[in-house]
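Peer 1: Sending over final04.cif (mmCIF, C-alpha atoms).
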```
data_input
loop_
_atom_site.label_atom_id
_atom_site.label_comp_id
_atom_site.auth_asym_id
_atom_site.auth_seq_id
_atom_site.Cartn_x
_atom_site.Cartn_y
_atom_site.Cartn_z
CA MET A 17 -35.03 -6.79 64.64
CA LYS A 18 -34.11 -5.48 61.23
CA TYR A 19 -37.56 -3.96 60.87
CA ARG A 20 -37.50 -2.46 64.36
CA LEU A 21 -34.13 -0.88 63.62
CA LYS A 22 -35.41 0.44 60.31
CA GLU A 23 -38.56 1.82 61.85
CA THR A 24 -36.62 3.44 64.66
CA PHE A 25 -34.11 5.12 62.36
CA ASP A 26 -36.99 6.17 60.11
CA GLN A 27 -38.31 8.19 63.04
CA ILE A 28 -35.08 10.18 63.23
CA LYS A 29 -35.25 13.01 60.77
CA ALA A 30 -33.46 16.31 60.42
CA GLU A 31 -35.63 19.09 61.76
CA GLU A 32 -36.74 21.70 59.21
CA GLU A 33 -35.31 24.38 61.46
CA LEU A 34 -31.94 22.62 61.49
CA LYS A 35 -31.95 22.35 57.71
CA ASN A 36 -32.90 26.00 57.26
CA ARG A 37 -30.25 27.22 59.69
CA THR A 38 -27.65 25.08 57.89
CA LYS A 39 -28.74 26.51 54.51
CA VAL A 40 -28.42 30.07 55.82
CA PHE A 41 -25.05 29.34 57.42
CA VAL A 42 -23.57 27.74 54.29
CA SER A 43 -25.04 30.41 52.01
CA GLU A 44 -23.45 33.19 54.10
CA LYS A 45 -20.13 31.37 54.19
CA ILE A 46 -20.15 30.90 50.41
CA GLN A 47 -20.89 34.59 49.85
CA ASN A 48 -18.20 35.69 52.31
CA ASP A 49 -15.74 33.32 50.75
CA THR A 50 -16.54 34.56 47.23
CA SER A 51 -16.29 38.22 48.19
CA SER A 52 -13.09 37.70 50.19
CA LYS A 53 -11.60 35.81 47.27
CA ALA A 54 -12.62 38.63 44.93
CA GLY A 55 -11.12 41.14 47.36
CA THR A 56 -7.94 39.12 47.64
CA ALA A 57 -7.73 38.84 43.87
CA GLY A 58 -8.25 42.59 43.53
CA ARG A 59 -5.55 43.33 46.09
CA SER A 60 -3.19 40.85 44.46
CA ILE A 61 -3.72 42.41 41.05
CA ARG A 62 -3.04 45.89 42.44
CA ARG A 63 0.09 44.64 44.22
CA LEU A 64 1.35 42.86 41.13
CA ALA A 65 0.49 45.65 38.69
CA PRO A 66 4.02 47.16 38.67
CA VAL A 67 5.46 43.70 38.02
CA PHE A 68 3.08 43.21 35.08
CA VAL A 69 3.99 46.64 33.71
CA CYS A 70 7.72 45.86 33.97
CA MET A 71 7.19 42.51 32.30
CA ALA A 72 5.14 44.13 29.53
CA ILE A 73 7.86 46.75 28.96
CA LEU A 74 10.49 44.03 28.95
CA LEU A 75 8.49 41.94 26.48
CA ILE A 76 7.73 44.86 24.18
CA GLY A 77 11.36 46.01 24.41
CA SER A 78 12.64 42.53 23.64
CA TYR A 79 10.20 42.21 20.75
CA TRP A 80 11.23 45.58 19.40
CA LEU A 81 14.96 44.76 19.75
CA TYR A 82 14.54 41.37 18.13
CA PHE A 83 12.36 42.44 15.23
CA THR A 84 14.05 45.74 14.34
CA PRO A 85 16.26 45.28 11.26
CA ALA A 86 19.88 46.19 11.97
CA TRP A 87 21.38 45.39 8.58
CA GLN A 88 20.59 43.59 5.32
CA ILE A 89 22.09 41.30 2.79
CA SER A 90 21.21 41.96 -0.85
CA ILE A 91 21.31 38.92 -3.11
CA ASP A 92 21.16 39.41 -6.88
CA ILE A 93 21.58 36.91 -9.66
CA ASN A 94 18.24 37.09 -11.28
CA PRO A 95 16.36 36.21 -8.23
CA SER A 96 16.72 39.46 -6.32
CA ILE A 97 16.08 39.30 -2.59
CA GLU A 98 17.07 41.19 0.51
CA ILE A 99 17.44 39.47 3.84
CA SER A 100 17.05 41.59 6.98
CA MET A 101 18.95 40.73 10.15
CA ASN A 102 18.44 41.93 13.72
CA ARG A 103 21.15 42.97 16.21
CA LEU A 104 21.77 39.32 17.00
CA ASN A 105 22.51 38.62 13.31
CA LYS A 106 19.36 36.49 13.06
CA VAL A 107 17.24 36.62 9.93
CA ILE A 108 13.95 38.39 10.64
CA SER A 109 12.60 38.83 7.10
CA VAL A 110 13.23 37.93 3.49
CA LYS A 111 11.98 40.36 0.85
CA SER A 112 11.85 39.54 -2.85
CA TYR A 113 12.23 42.15 -5.59
CA ASN A 114 11.05 40.13 -8.57
CA GLU A 115 9.16 36.93 -9.39
CA ASP A 116 12.26 34.75 -9.34
CA GLY A 117 13.15 36.32 -6.02
CA ALA A 118 9.72 35.41 -4.64
CA GLU A 119 10.24 31.80 -5.70
CA LEU A 120 13.66 31.69 -4.07
CA ALA A 121 12.33 33.32 -0.88
CA ASP A 122 9.66 30.60 -0.68
CA LEU A 123 12.29 27.89 -0.90
CA LEU A 124 14.45 29.31 1.86
CA ASP A 125 13.98 28.25 5.46
CA VAL A 126 16.12 30.88 7.10
CA LYS A 127 13.84 32.84 9.41
CA TYR A 128 15.33 33.31 12.90
CA LYS A 129 18.54 31.58 11.77
CA ASN A 130 22.00 33.08 11.61
CA TYR A 131 22.87 34.98 8.42
CA ALA A 132 25.70 32.52 7.69
CA GLU A 133 23.15 29.70 7.44
CA ALA A 134 21.04 31.85 5.12
CA ILE A 135 24.03 32.46 2.82
CA CYS A 136 24.89 28.75 2.84
CA GLN A 137 21.30 27.83 1.93
CA ILE A 138 21.33 30.30 -0.95
CA LEU A 139 24.70 29.16 -2.26
CA GLU A 140 23.65 25.50 -2.01
CA ASN A 141 20.28 26.11 -3.69
CA ASP A 142 20.02 24.00 -6.86
CA ASP A 143 18.63 26.84 -8.97
CA ILE A 144 21.37 29.22 -7.86
CA ALA A 145 24.03 26.57 -8.49
CA ALA A 146 22.59 25.93 -11.96
CA LEU A 147 22.56 29.64 -12.76
CA LEU A 148 26.17 30.04 -11.61
CA SER A 149 27.28 27.08 -13.69
CA ASN A 150 25.61 28.79 -16.68
CA ASP A 151 28.00 31.69 -16.18
CA GLU A 152 25.46 33.90 -14.41
CA ILE A 153 26.76 36.45 -11.90
CA LEU A 154 25.86 36.44 -8.19
CA MET A 155 26.19 39.67 -6.23
CA ILE A 156 26.06 39.53 -2.44
CA GLY A 157 25.91 42.90 -0.70
CA VAL A 158 26.15 43.75 2.98
CA ILE A 159 24.06 46.84 3.78
CA GLY A 160 24.65 48.38 7.19
CA ASN A 161 25.34 51.51 9.23
CA ASP A 162 28.33 50.26 11.16
CA GLU A 163 31.35 50.10 8.87
CA THR A 164 33.39 47.88 11.21
CA GLN A 165 30.57 45.40 11.62
CA SER A 166 29.80 45.43 7.89
CA SER A 167 33.45 44.73 7.06
CA LYS A 168 33.55 41.82 9.48
CA ILE A 169 30.33 40.33 8.05
CA LEU A 170 31.61 40.89 4.54
CA ALA A 171 34.76 38.93 5.43
CA ASP A 172 32.57 36.11 6.80
CA ILE A 173 30.44 36.02 3.66
CA GLU A 174 33.53 36.08 1.46
CA SER A 175 34.87 33.04 3.23
CA LEU A 176 31.51 31.26 2.78
CA ALA A 177 31.45 32.13 -0.93
CA GLU A 178 35.07 31.20 -1.49
CA GLY A 179 35.51 29.09 -4.60
CA LYS A 180 32.07 29.91 -5.99
CA LYS A 181 32.16 30.84 -9.64
CA ASN A 182 31.12 34.37 -10.67
CA THR A 183 30.28 35.41 -7.12
CA TYR A 184 31.05 38.91 -5.99
CA CYS A 185 30.69 40.46 -2.56
CA TYR A 186 30.53 44.10 -1.52
CA CYS A 187 29.35 46.26 1.33
CA VAL A 188 27.53 49.56 1.31
CA HIS A 189 26.13 52.07 3.80
CA SER A 190 22.39 51.91 4.49
CA ASP A 191 21.93 55.55 3.41
CA GLU A 192 22.76 54.61 -0.16
CA VAL A 193 20.07 51.98 -0.32
CA SER A 194 16.94 54.06 0.22
CA GLU A 195 16.91 55.31 -3.38
CA ALA A 196 17.08 51.71 -4.64
CA HIS A 197 14.11 50.75 -2.55
CA LYS A 198 12.15 53.78 -3.76
CA MET A 199 12.59 52.43 -7.28
CA GLY A 200 11.54 48.95 -6.16
CA LEU A 201 14.98 47.48 -6.80
CA SER A 202 17.33 45.52 -4.61
CA TYR A 203 20.58 47.33 -4.06
CA GLY A 204 22.62 45.03 -6.31
CA LYS A 205 20.27 45.67 -9.23
CA TYR A 206 20.15 49.38 -8.42
CA LYS A 207 23.93 49.61 -8.52
CA ALA A 208 23.99 47.84 -11.87
CA PHE A 209 21.21 50.16 -13.05
CA LEU A 210 23.32 53.22 -12.16
CA ASP A 211 26.26 51.82 -14.09
CA LEU A 212 24.04 51.02 -17.04
CA ARG A 213 22.34 54.41 -17.05
CA ALA A 214 25.73 56.11 -17.07
CA LEU A 215 26.29 54.42 -20.42
CA ASP A 216 22.73 54.64 -21.71
CA PRO A 217 20.59 57.46 -20.20
CA ASP A 218 17.44 56.06 -21.84
CA ILE A 219 17.45 52.86 -19.82
CA THR A 220 14.80 52.59 -17.04
CA ALA A 221 14.56 50.47 -13.91
CA ASP A 222 11.63 48.54 -15.41
CA ASP A 223 13.73 47.63 -18.44
CA MET A 224 16.20 45.76 -16.31
CA ARG A 225 14.09 44.60 -13.35
CA ASP A 226 13.86 41.03 -14.63
CA MET A 227 17.21 40.85 -16.39
CA THR A 228 19.81 38.57 -14.87
CA MET A 229 22.97 40.14 -13.53
CA ARG A 230 24.88 38.44 -16.34
CA GLU A 231 22.61 40.04 -18.95
CA ILE A 232 23.07 43.43 -17.30
CA GLN A 233 26.82 42.95 -17.10
CA ASP A 234 26.98 41.90 -20.75
CA LEU A 235 24.96 44.97 -21.68
CA ILE A 236 27.31 47.17 -19.67
CA ASP A 237 30.30 45.54 -21.30
CA GLU A 238 28.71 45.96 -24.73
CA LEU A 239 27.85 49.61 -24.19
CA SER A 240 31.17 50.46 -22.58
CA GLY A 241 32.92 48.57 -25.40
CA SER A 242 31.20 50.69 -27.98
CA GLN A 243 32.03 53.81 -26.00
CA ASP A 244 35.65 52.65 -25.70
CA ASN A 245 35.77 52.19 -29.40
CA ALA A 246 34.32 55.64 -29.87
CA ALA A 247 36.80 57.03 -27.35
CA GLU A 248 39.67 55.22 -29.04
CA LYS A 249 38.54 56.79 -32.26
CA THR A 250 38.60 60.17 -30.57
CA GLY A 251 41.78 59.31 -28.62
CA ASP A 252 40.02 59.61 -25.25
CA THR A 253 40.33 56.19 -23.59
CA ASP A 254 38.61 55.51 -20.27
CA SER A 255 40.82 53.26 -18.26
CA ASN A 256 38.08 52.51 -15.67
CA THR A 257 35.73 50.53 -17.85
CA HIS A 258 35.51 47.45 -15.71
CA HIS A 259 31.95 47.37 -14.47
CA HIS A 260 31.70 44.65 -11.95
CA THR A 261 28.85 46.63 -10.57
CA GLY A 262 29.55 49.32 -8.10
CA LYS A 263 33.27 49.46 -8.20
CA LYS A 264 32.87 53.20 -7.83
CA HIS A 265 31.47 52.64 -4.34
CA ARG A 266 33.53 51.62 -1.37
CA ASN A 267 33.05 48.06 -2.37
CA SER A 268 34.95 44.93 -1.74
CA TYR A 269 34.69 42.26 -4.38
CA LYS A 270 35.37 38.67 -4.18
CA GLY A 271 35.65 37.17 -7.55
CA GLY A 272 35.32 33.49 -8.22
CA GLU A 273 37.04 32.39 -11.30
CA MET B 184 -16.93 25.63 45.01
CA ARG B 185 -20.56 24.61 44.56
CA ASN B 186 -23.47 26.96 44.06
CA GLU B 187 -26.18 27.57 46.61
CA GLN B 188 -28.78 25.60 44.68
CA ASP B 189 -26.57 22.52 44.67
CA VAL B 190 -25.89 22.84 48.39
CA ASN B 191 -29.60 23.22 49.20
CA ARG B 192 -30.35 20.14 47.14
CA ALA B 193 -27.72 18.18 49.10
CA ILE B 194 -29.11 19.42 52.42
CA GLU B 195 -32.60 18.23 51.45
CA GLN B 196 -31.27 14.91 50.22
CA TYR B 197 -28.77 13.98 52.92
CA SER B 198 -29.80 15.83 56.09
CA ASN B 199 -31.70 12.80 57.46
CA LEU B 200 -28.66 10.60 56.88
CA VAL B 201 -26.40 13.10 58.63
CA ARG B 202 -28.92 13.54 61.45
CA ARG B 203 -29.07 9.77 62.11
CA LEU B 204 -25.29 9.45 62.13
CA CYS B 205 -25.13 12.39 64.53
CA MET B 206 -27.71 10.71 66.73
CA ILE B 207 -25.61 7.58 67.14
CA HIS B 208 -22.40 9.52 67.79
CA LEU B 209 -23.21 12.76 69.54
CA LYS B 210 -24.64 13.64 72.86
CA ASN B 211 -26.50 16.86 72.23
CA TYR B 212 -28.32 18.90 69.64
CA ALA B 213 -25.77 21.73 69.62
CA ASP B 214 -23.08 19.32 68.47
CA THR B 215 -25.45 18.04 65.78
CA GLU B 216 -25.86 21.56 64.50
CA ASP B 217 -22.07 21.98 64.42
CA ILE B 218 -21.72 18.80 62.41
CA PHE B 219 -24.41 19.90 59.96
CA GLN B 220 -22.57 23.14 59.36
CA THR B 221 -19.20 21.40 59.06
CA VAL B 222 -20.39 18.71 56.66
CA PHE B 223 -22.46 20.87 54.31
CA LEU B 224 -19.93 23.68 54.27
CA LYS B 225 -17.27 21.14 53.36
CA TYR B 226 -19.52 19.95 50.57
CA ALA B 227 -20.11 23.53 49.38
CA LEU B 228 -16.39 24.31 49.28
CA SER B 229 -15.37 20.96 47.85
CA SER B 230 -14.67 20.61 44.14
CA VAL B 231 -14.94 16.81 44.22
CA SER B 232 -17.16 15.53 41.44
CA PHE B 233 -19.07 12.35 42.07
CA GLU B 234 -19.60 9.70 39.45
CA ASN B 235 -23.09 8.99 40.73
CA LYS B 236 -25.41 9.49 43.69
CA GLU B 237 -24.04 6.43 45.49
CA TYR B 238 -20.55 7.93 45.55
CA GLU B 239 -22.00 11.18 46.80
CA LYS B 240 -23.94 9.41 49.55
CA SER B 241 -20.89 7.44 50.72
CA TRP B 242 -18.91 10.73 50.72
CA PHE B 243 -21.48 12.23 53.11
CA ILE B 244 -21.37 9.14 55.35
CA ARG B 245 -17.60 9.21 55.55
CA VAL B 246 -17.34 12.96 56.10
CA THR B 247 -20.08 12.95 58.76
CA ILE B 248 -18.53 10.09 60.73
CA ASN B 249 -15.09 11.74 60.58
CA ALA B 250 -16.54 15.10 61.62
CA CYS B 251 -18.25 13.46 64.60
CA LYS B 252 -15.04 11.72 65.61
CA ASP B 253 -13.07 14.97 65.28
CA LEU B 254 -15.59 16.81 67.41
CA LEU B 255 -15.51 14.15 70.10
CA LYS B 256 -11.72 14.14 70.07
CA SER B 257 -11.43 17.90 70.46
CA PHE B 258 -9.69 19.10 73.61
CA PHE B 259 -12.51 21.29 74.83
CA HIS B 260 -15.15 18.63 74.40
CA SER B 261 -16.47 16.89 77.48
CA ARG B 262 -15.36 13.29 77.41
CA THR B 263 -18.06 11.62 79.44
CA THR B 264 -21.72 11.46 78.62
CA SER B 265 -24.36 9.25 80.09
CA LEU B 266 -26.75 7.32 77.90
CA ASN B 267 -29.62 9.19 79.52
CA GLN B 268 -28.15 12.49 78.36
CA VAL B 269 -27.86 11.14 74.84
CA MET B 270 -31.38 9.80 74.90
CA GLU B 271 -32.71 13.24 75.76
CA GLN B 272 -32.28 14.01 72.10
CA ALA B 273 -34.70 11.23 71.26
CA ALA B 274 -37.30 12.14 73.85
CA TYR B 275 -39.88 12.57 71.12
CA LEU B 276 -39.64 8.91 70.02
CA PRO B 277 -42.33 6.38 71.02
CA PRO B 278 -41.20 3.98 73.80
CA ASP B 279 -40.67 1.02 71.47
CA HIS B 280 -38.32 3.00 69.24
CA ARG B 281 -36.59 4.53 72.25
CA GLU B 282 -35.81 0.99 73.41
CA VAL B 283 -34.24 0.10 70.06
CA LEU B 284 -32.28 3.33 69.88
CA GLU B 285 -31.04 2.83 73.44
CA ALA B 286 -29.87 -0.65 72.48
CA VAL B 287 -27.93 0.76 69.52
CA LEU B 288 -26.45 3.63 71.53
CA SER B 289 -25.37 1.25 74.28
CA LEU B 290 -23.17 -0.58 71.78
CA PRO B 291 -19.48 0.29 71.64
CA LYS B 292 -18.98 3.19 69.22
CA LYS B 293 -17.17 1.09 66.62
CA TYR B 294 -20.30 -1.08 66.22
CA ARG B 295 -22.83 1.70 65.83
CA ASP B 296 -21.89 2.87 62.32
CA ILE B 297 -21.83 -0.69 61.08
CA VAL B 298 -25.24 -1.47 62.56
CA TYR B 299 -26.72 1.66 61.02
CA LEU B 300 -25.13 1.15 57.60
CA TYR B 301 -25.99 -2.56 57.50
CA TYR B 302 -29.53 -2.57 58.88
CA TYR B 303 -30.83 0.79 57.83
CA GLU B 304 -28.87 1.82 54.73
CA GLU B 305 -28.66 -1.86 53.69
CA TYR B 306 -25.03 -1.75 52.61
CA THR B 307 -23.21 -5.06 52.32
CA ALA B 308 -20.14 -5.83 54.42
CA PRO B 309 -17.73 -5.18 51.49
CA GLU B 310 -19.47 -1.84 50.80
CA ILE B 311 -19.21 -0.87 54.47
CA SER B 312 -15.55 -1.84 54.45
CA SER B 313 -15.00 0.43 51.46
CA ILE B 314 -16.89 3.38 52.98
CA LEU B 315 -15.28 3.14 56.40
CA GLY B 316 -11.86 2.08 55.15
CA LYS B 317 -11.90 -1.06 57.28
CA ASN B 318 -10.91 -4.60 56.40
CA VAL B 319 -13.91 -6.68 55.18
CA ASN B 320 -13.20 -9.41 57.71
CA THR B 321 -13.16 -6.81 60.47
CA VAL B 322 -16.56 -5.60 59.29
CA TYR B 323 -17.93 -9.16 59.35
CA THR B 324 -16.58 -9.67 62.86
CA LEU B 325 -18.05 -6.39 64.09
CA LEU B 326 -21.37 -7.23 62.48
CA THR B 327 -21.54 -10.63 64.15
CA ARG B 328 -20.70 -9.19 67.56
CA SER B 329 -23.15 -6.34 67.20
CA LYS B 330 -25.94 -8.77 66.20
CA ASN B 331 -25.23 -10.83 69.30
CA LEU B 332 -25.21 -7.76 71.53
CA LEU B 333 -28.45 -6.44 70.03
CA ARG B 334 -30.06 -9.87 70.38
CA GLU B 335 -29.12 -9.85 74.04
CA LYS B 336 -30.57 -6.38 74.57
CA LEU B 337 -33.65 -6.62 72.43
CA GLY B 338 -34.34 -10.31 72.81
CA GLY B 339 -33.88 -12.99 70.19
CA ASP B 340 -37.34 -14.47 69.95
CA GLY B 341 -39.36 -13.32 67.01
CA TYR B 342 -36.59 -10.96 65.81
CA GLU B 343 -34.90 -11.75 62.59
CA ILE B 344 -31.42 -10.42 62.21
#
```
Let me see the file written as structure tokens.
Peer 2:
Amino acid sequence: MKYRLKETFDQIKAEEELKNRTKVFVSEKIQNDTSSKAGTAGRSIRRLAPVFVCMAILLIGSYWLYFTPAWQISIDINPSIEISMNRLNKVISVKSYNEDGAELADLLDVKYKNYAEAICQILENDDIAALLSNDEILMIGVIGNDETQSSKILADIESLAEGKKNTYCYCVHSDEVSEAHKMGLSYGKYKAFLDLRALDPDITADDMRDMTMREIQDLIDELSGSQDNAAEKTGDTDSNTHHHTGKKHRNSYKGGE
Amino acid sequence: MRNEQDVNRAIEQYSNLVRRLCMIHLKNYADTEDIFQTVFLKYALSSVSFENKEYEKSWFIRVTINACKDLLKSFFHSRTTSLNQVMEQAAYLPPDHREVLEAVLSLPKKYRDIVYLYYYEEYTAPEISSILGKNVNTVYTLLTRSKNLLREKLGGDGYEI
């Protein structure tokens, strides 16, 4: 019986015509399905285009808002760096102004973090701590357009730097900084350079680019001392000879010891 | 979705299988054509990937049987069909084969798939149970009963089951 069943079923075969009609039917269906899907996709894209445009504008706007610098912090000891913050007070870039600054910038992990964390990292850095204990001077400057905001940030930074030896804080308007950057100096160094040049017109930015703030301050003290002596000799004493860099500006200082 | 070449290959490879399953389930050629279109279109639109040809073959068996059942269940489908009407499809067969086919088609529907899969496709009872989603013991029972029924119709002497 098995063989009879097999033989019988062997006789039943799909007709060529049936196969061909099925091929044509399926082929047409596939093509219709593909074209209708393509049409649907096209319509969907056109319908969603305004949404995509809005999303793109939102993304670009957010990117622009996030990555546009709103204010900076200038750090000078010998490493000279400037940290740029966005409107949310998050660090978006760290720029070094000398070799030591580049080394310090490499050590810092502050990108996209709050400025307070950046200041803490810098103050806790072993090299910075060692320099401060060697009587070096650390200048921390807040550079911004908004005086109220700058004053508030300055107060925050002062509280973070409280108790640190030889650490001075100040704030300055952004307009005053462009000249410093043109000379390739951080603002702290630039301010010291201005003070130094007032005492010695021959000094250049390159002369002092790699000097520590302590060396610059000592030079200022030395030059102003000699001028004081000369003034004393001539009876013309300058009472404003304290040069903790930039005191002529609307600066706020926080002195350590 | 599969490409046309793949679908044409499947039609060449499995159309006889589908045709035989249609023969044991359906009553006319028009329904067979419907099933062909349903099964191969489903294959064309399906993204199922088969581990090997055996899986693909069992997929076609399952889909064809289900499509036939769905068609027969449909509201607009005539519920009663005489065996003579069904056999009109097999008018081209020689008398001896017509007798065998009649014997198979006279079996209750639940036996026909099992007879075909066991005797013609040579699947084992566990394989049939896996393809049809039935309990193995149920398959054995159905096989035994269908053998007895076929023996009665076709005669036992000289026929090995």
Peer 1: Could you tell me which of B:Leu254, B:Ile248, B:Val190, B:Val322 comes closest to chain A if we count all atoms listed in the file?
Peer 2: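 Counting all atoms listed in the file, the residue closest to chain A is B:Val190.
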Peer 1: To one decimal place, how far is CA of Met227 (chain A) from CA of Leu123 (chain A) in Å?
Peer 2: 20.8 Å
Peer 1: Got a sec: who's within 7 Å of region 40-44 of chain A, counting all atoms listed in the file, leaving out chain neighbours fewer than 6 positions off, as a PyMOL selection string?
Peer 2: chain B and resi 187+220+223-224
Peer 1: Within 7 Å of chain A, which residues of chain B show up when using all atoms listed in the file, listed as a PDB file with C-alpha atoms, in the frame of the given file?
Peer 2:
```
ATOM      1  CA  GLU B 187     -26.180  27.570  46.610  1.00  0.00           C
ATOM      2  CA  ASN B 191     -29.600  23.220  49.200  1.00  0.00           C
ATOM      3  CA  ILE B 194     -29.110  19.420  52.420  1.00  0.00           C
ATOM      4  CA  SER B 198     -29.800  15.830  56.090  1.00  0.00           C
ATOM      5  CA  ASN B 199     -31.700  12.800  57.460  1.00  0.00           C
ATOM      6  CA  ARG B 202     -28.920  13.540  61.450  1.00  0.00           C
ATOM      7  CA  ARG B 203     -29.070   9.770  62.110  1.00  0.00           C
ATOM      8  CA  GLU B 216     -25.860  21.560  64.500  1.00  0.00           C
ATOM      9  CA  PHE B 219     -24.410  19.900  59.960  1.00  0.00           C
ATOM     10  CA  GLN B 220     -22.570  23.140  59.360  1.00  0.00           C
ATOM     11  CA  PHE B 223     -22.460  20.870  54.310  1.00  0.00           C
ATOM     12  CA  LEU B 224     -19.930  23.680  54.270  1.00  0.00           C
ATOM     13  CA  HIS B 280     -38.320   3.000  69.240  1.00  0.00           C
ATOM     14  CA  VAL B 283     -34.240   0.100  70.060  1.00  0.00           C
ATOM     15  CA  LEU B 284     -32.280   3.330  69.880  1.00  0.00           C
ATOM     16  CA  TYR B 302     -29.530  -2.570  58.880  1.00  0.00           C
ATOM     17  CA  TYR B 303     -30.830   0.790  57.830  1.00  0.00           C
ATOM     18  CA  TYR B 342     -36.590 -10.960  65.810  1.00  0.00           C
ATOM     19  CA  GLU B 343     -34.900 -11.750  62.590  1.00  0.00           C
ATOM     20  CA  ILE B 344     -31.420 -10.420  62.210  1.00  0.00           C
TER      21      ILE B 344
END
```
Peer 1: List the residues selected by the PyMOL selection byres ((chain B and resi 315) around 12) in the file shown, writing them as a PyMOL selection string.
Peer 2: chain B and resi 241-249+293-294+296-297+300+306+308-314+316-319+321-322
Peer 1: So which residues touch Ile138 (chain A) within 9 Å, counting all atoms listed in the file, skipping near sequence neighbours fewer than 6 positions away, as a PDB file with C-alpha atoms, in the frame of the given file?
Peer 2:
```pdb
ATOM      1  CA  ILE A  91      21.310  38.920  -3.110  1.00  0.00           C
ATOM      2  CA  LEU A 120      13.660  31.690  -4.070  1.00  0.00           C
ATOM      3  CA  LEU A 124      14.450  29.310   1.860  1.00  0.00           C
ATOM      4  CA  ILE A 144      21.370  29.220  -7.860  1.00  0.00           C
ATOM      5  CA  ALA A 145      24.030  26.570  -8.490  1.00  0.00           C
TER       6      ALA A 145
END
```
Peer 1: Could you work out how far CA of Gly157 (chain A) lies from CA of Asn102 (chain A), giving the answer in Å with one decimal?
Peer 2: 16.3 Å
Peer 1: Find the spatial neighbours of Lys240 (chain B), counting all atoms listed in the file, within a cut-off of 9 Å - ignore same-chain residues fewer than 5 positions away - and output them as a PyMOL selection string.
Peer 2: chain B and resi 197+200+235+245
Peer 1: For region 179-181 of chain A, find every residue with an atom within 9 Å (counting only C-alpha atoms), except residues of its own chain fewer than 2 positions away, and show them as a list in words.
Peer 2: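 Counting only the stated atoms, we get Leu139, Leu148, Ser149, Asp151, Glu152, Ile153, Leu154, Ser175, Leu176, Ala177, Thr183, Tyr184, Gly271, Gly272 and Glu273 of chain A.
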